[in-house]
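See below for the structure under consideration.
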Amino acid sequence: MSRRLPLAVACAVFVALFATAAPVGFVRDEGYYFEAAKSYEQWLVLLVRDPFAAIRATERYWSYNFEHPGLAKLLFAISHLLFTSTLRFLPDAQSWRLPGFFFGALLAYWLAVLGGQRSRACALLAPALFFCAERTFFHGHLAALDIPICALTAGVGVAWARAIGLLPGSASPLRGGLWLAFVYGCSLAVKHNAWVLPPVLAVHALLLPAASRRRALLALPWFLLSPLILFAAWPLLWHDPVKHLGDWIAFHTHHVHYAWYYFGRELRAPPFPVLYPLAVLAVALPLPQVTLGAAAGLRLLWDFSRRRLGDLRLLELGLAGGALLPFLLGTTPIFGGIKHWLAFVALLMPEAAALLEETIGIATGAFPWLTRSRALAAGALAALLPGLWQIAHLHPYGTSAYGELAGDLPGAASLGMQRQYWSNNVTSVLPWLNAHAIRGARVFFHEVNAESYRAYQQSGALRDDIRYASGPWDADYAALQWHREFRDREPETWNAFGTRMPATGLYLDEVPQVVVYARPGLPGAP
Amino acid sequence: MRAKPGDELQIWPPWAERARLFIEALPVRAEEDLRAADYPGVDRVWLLALFRSPRNGVGKAREDLRARGATAGERVRFGSLELEPWELHAPKLLVDLTAAREEHEVDYVSRPCVLVRLPGRFSARGPGGALHVRAGIVGERAYQTSQGPVRVEVRADGALLGDLTVPPTVPPAPGWRKLDLPVPPGDHLYEIAATSRDTDRPFCVAAWVSEG
């Protein structure tokens with residue numbers, strides 16, 4: 001299969017993400033990454049003006065957000081420097097997010113490449129199945145690290161497959177190896193999920209037939225070059241690298257556990273339920289993706305147990321399993337919905353697409369008018385429609401989305417599932433605050449951190465005069481995000497404001513997400 | 001059907017709090033366990049349910065109300081809402097000792113109660129009957145298992161009536177602890193004292209006397 005189809009799919013995903021990003025609120029993590037990108041942009045400007053001064057001052061500009069490597073945030077900074085600071089072509093948030101769209105497109109490209117090994121239909125369906133769900137679609141919009149590392153996991157898989165001859169690629173082992181080292185280096189320089197990839201690929205190499213095994217084992221040493229990319233893309237390491245690497249690793253090996261609401265229980269500390277990530281996927285994604293994804297995983301496992309799994313499908317199974325495995329241990333932090341194991345979903349989609357196509361093939365010819373192309377179109381539409389509806393209905397409130405198995409949002413609320421995470425849903429009430437809040441009003445934004453608050457003002461989504469209050473006692477208005485672990489904030493607001501009646505709010509299918517209170521007598525108060 | 005003093009509105013499912021935007025006539029409650037919930041001073045609860053909502057559990061809510069001896073009145077439907085009055089047939093409230101105007105969250109439910117600074121005490125006069133004391137650590141700090149328990153002592157006219165231990169909450173054990181005691185008839189000075197080795201946690205107490 002030529003690269004034209006994957007490229008077309010990637011372009012379509014990029015355009016879709018670019019066109020639908022404006023209403024997406026700034027998630028907590030983005031608040032930090034925006035601040036990091038601002039600092040790194042200043043460093044880039046200094047680098048152009050005075051390279052030696054910039055090299056001397058890496059600690060000053062790069063210490064912020066030391067817990068994640070530099071590449072993604074560096075790209076956010078370059079994008080902002082180019083498209084906003086220099087060309088004044090894009091708003092701040094859109095330029096910071098642009099690399100995120102690019103990684104979304106890359107993911108679509110690599111999924112199409114993997115799907116394309118089965119058929120052209122699978123090349124289209126694999127990325128479509130992944131992105132036609134509000135949760136995954138939402139993540140594609142963010143200046144964050146989750147879609148980038150998901151994309152690069154798929155990218156490392158494709159680069160590995162090319163390097164060891166499972167996919168057609170460069171005839172030169174040198175070029176294949178260098179590309180593999182580069183792509184893995186990029187993943188290492190984006191997020192620590194990349195740490196699991198070399199062991200997964202080593203196991204894959206050992207499980208290959210003898211003829212391929214030698215070539216695969218010989219490809220493994222290329223990974224030794226990858227830390228060069230990590231080092232180059234993360235100037236924080238240019239001084240005292242051992243200390244900074246230690247800080248990075250220690251941050252994640254001693255990460256705090258945030259409370260997380262799961263089937264009526266507030267999970268606070270290990271041991272977490274072993275099936276937690278699978279259960280969350282089952283209730284969060286649309287039913288076709290859940291069904292096809294589960295069937296794909298089971299078929300890969302079944303074929304593996306029967307030694308009928310081809311080398312490329314074995315690779316997909318390994319990468320999917322590697323993305324999921326840390327979260328089955330019961331000790332890894334589990335907060336953040338499905339974002340930490342998006343690569344598990346993505347790497348199952350080529351097989352899921354094949355299953356869908358096979359199922360459609362059975363129906364073909366059942367009626368004289370049901371030709372293969374018609375059946376494919378109808379089957380694809382049936383599989384993608386629930387997810388498309390979810391996007392149309394819920395976007396941009398992606399972290400709130402639940403699928404049919406949960407009973408959508410109301411069912412998930414009754415089941416006792418995390419209502420939302422981060423704080424991006426607050427965008428729904430910013431227009432109300434802009435319209436009603438008194439001049440200089442103090443607003444308690446609850447989970448919206450100061451960085452995101454400043455970003456909302458910078459983007460024009462929030463009036464400049466509105467001030468950031470530290471709690472309801474200190475505020476004229478309060479915009480509370482519904483989180484089980486923060487239920488004390490609402491009665492605290494009632495007590496401070498002397499009213500139990502909200503002024504407005506965001507309710508999705510009746511389920512409270514953001515509730516706004518105003519002190520009695522102020523504009524907008526009930 | 002009209003609301004009257006002594007009525008409250010219970011929403012169902014308990015997350016259906018959008019009702020707070022529209023309900024002015026009655027206090028709105030979002031209790032999660034209708035079998036065990038306290039409704040001191042409430043004669044009738046209006047159950048407002050999203051009966052078409054997936055997994056709404058309204059059947060279980062009705063069962064729980066029936067199990068506590070409540071009886072249902074006429075049920076009416078407005079679109080996707082269902083409204084049903086339930087007479088609680090609860091013993092009459094004689095005095096609300098804490099008369100809380102504030103509410104605080106314990107076990108993720110908002111409770112009318114008064115904050116007691118640890119160590120702390122309060123007192124109030126009231127008649128004999130059935131004394132009900134409820135107490136819990138407010139907010140997420142209730143789940144700090146490294147902290148010690150809070151001990152609540154209840155006295156009438158200086159004599160110890162009973163005590164209640166409120167440990168850090170480890171679900172499924174409740175964090176909102178209950179103590180119900182019979183008190184002989186007559187006027188009494190009730191004293192409630194709360195102590196703990198770890199004093200930097202918000203602690204909330206509610207107490208009332210009903211007919212025995």
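Identifiers for the structure tokens are assigned positionally: chains receive A, B, ... in sequence, residues are indexed from 1 per chain, and ligands are indexed from 1 in the order shown.
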- For chain B, which residues have at least one atom within 7 Å of chain A, if we go by only C-alpha atoms? Write them as a PyMOL selection string, please. chain B and resi 13+15-18+20-21+53-56+102-105+108+110+139-140
Contacts of A:Ser95 at 8 Å or less, counting only C-alpha atoms, minus same-chain residues fewer than 3 places along, as a CSV table (one decimal) with N, CA and C atoms, in the first residue's frame?
```
chain,number,residue,atom,x,y,z
A,76,PHE,N,5.8,22.9,21.6
A,76,PHE,CA,4.7,23.9,21.9
A,76,PHE,C,5.4,25.3,21.8
A,79,SER,N,6.3,26.3,18.2
A,79,SER,CA,5.0,26.6,17.5
A,79,SER,C,4.5,28.0,17.8
A,80,HIS,N,4.5,28.3,19.1
A,80,HIS,CA,4.0,29.6,19.6
A,80,HIS,C,5.0,30.7,19.1
A,83,PHE,N,4.2,30.8,15.1
A,83,PHE,CA,2.9,31.2,14.6
A,83,PHE,C,2.2,32.3,15.4
A,84,THR,N,2.6,32.6,16.6
A,84,THR,CA,1.9,33.6,17.4
A,84,THR,C,2.9,34.8,17.6
A,90,LEU,N,-1.8,32.8,14.6
A,90,LEU,CA,-2.7,32.0,15.4
A,90,LEU,C,-2.9,32.5,16.9
A,91,PRO,N,-4.0,32.3,17.5
A,91,PRO,CA,-4.1,32.6,18.9
A,91,PRO,C,-3.1,31.8,19.7
A,92,ASP,N,-2.8,32.3,21.0
A,92,ASP,CA,-1.8,31.6,21.8
A,92,ASP,C,-2.1,30.1,21.9
A,98,LEU,N,-0.9,23.2,18.5
A,98,LEU,CA,-0.6,22.8,17.1
A,98,LEU,C,0.2,21.5,17.0
A,99,PRO,N,1.3,21.4,17.8
A,99,PRO,CA,2.1,20.1,17.8
A,99,PRO,C,1.2,18.9,18.3
```
- Item | d(atom CA of A:His436, atom CA of A:Asp464) in Å | 13.8 Å
- Task: From a DSSP pass on the backbone, collect the residues of stretch 37-193 of chain B flagged as alpha helix (DSSP H) and hand them back as number ranges by chain.
- Result: B: 58-67
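Taking atom CA of A:Phe272 as the reference point, atom CA of A:Glu134 is found at 25.6 Å.
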- Message: Taking 2 positions as the minimum chain separation for residues in the same chain, which residues sit within 12 Å of A:Gly115 when counting only C-alpha atoms? Answer as a VMD selection string.
- Response: chain A and resid 1 5 to 6 9 107 to 113 117 to 130 154 158 167 312 to 313 316 346 to 357
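These are the residues of stretch 391-525 of chain A assigned strand (DSSP E) by DSSP from backbone coordinates: A:Arg442, A:Val443, A:Phe444, A:Arg467, A:Tyr468, A:Ala469, A:Tyr477, A:Ala478, A:Ala479, A:Leu480, A:Gln481, A:Thr504, A:Gly505, A:Leu506, A:Tyr507, A:Leu508, A:Val511, A:Pro512, A:Gln513, A:Val514, A:Val515, A:Val516, A:Tyr517, A:Ala518.
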- Message: Using only C-alpha atoms, which protein or nucleic acid residues come within 10 Å of B:Arg75? Drop anything in the same chain fewer than 4 positions from it, and give the result as a VMD selection string.
- Response: chain B and resid 46 to 48 82 to 86
- Task: Do a neighbour search on stretch 57-72 of chain A at 8 Å with only C-alpha atoms, toss out local chain neighbours closer than 4 positions, and write the hits as a PyMOL selection string.
- Result: chain A and resi 32-33+36+39-40+42-43+53+76+99+144-145+148+186+188-192+230+233-236+238-239+244+247-249+251-252
- Item | For A:Ala323, the nearest of the candidates A:Ser459, A:Thr153, A:Ser212, A:Ser373, counting only C-alpha atoms |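 Under the stated criterion, the closest residue is A:Thr153.
Distances to A:Ala143 were evaluated for A:Thr331, A:Gln390, A:Asn425, A:Gln94 using only C-alpha atoms, and the minimum falls at A:Gln94.
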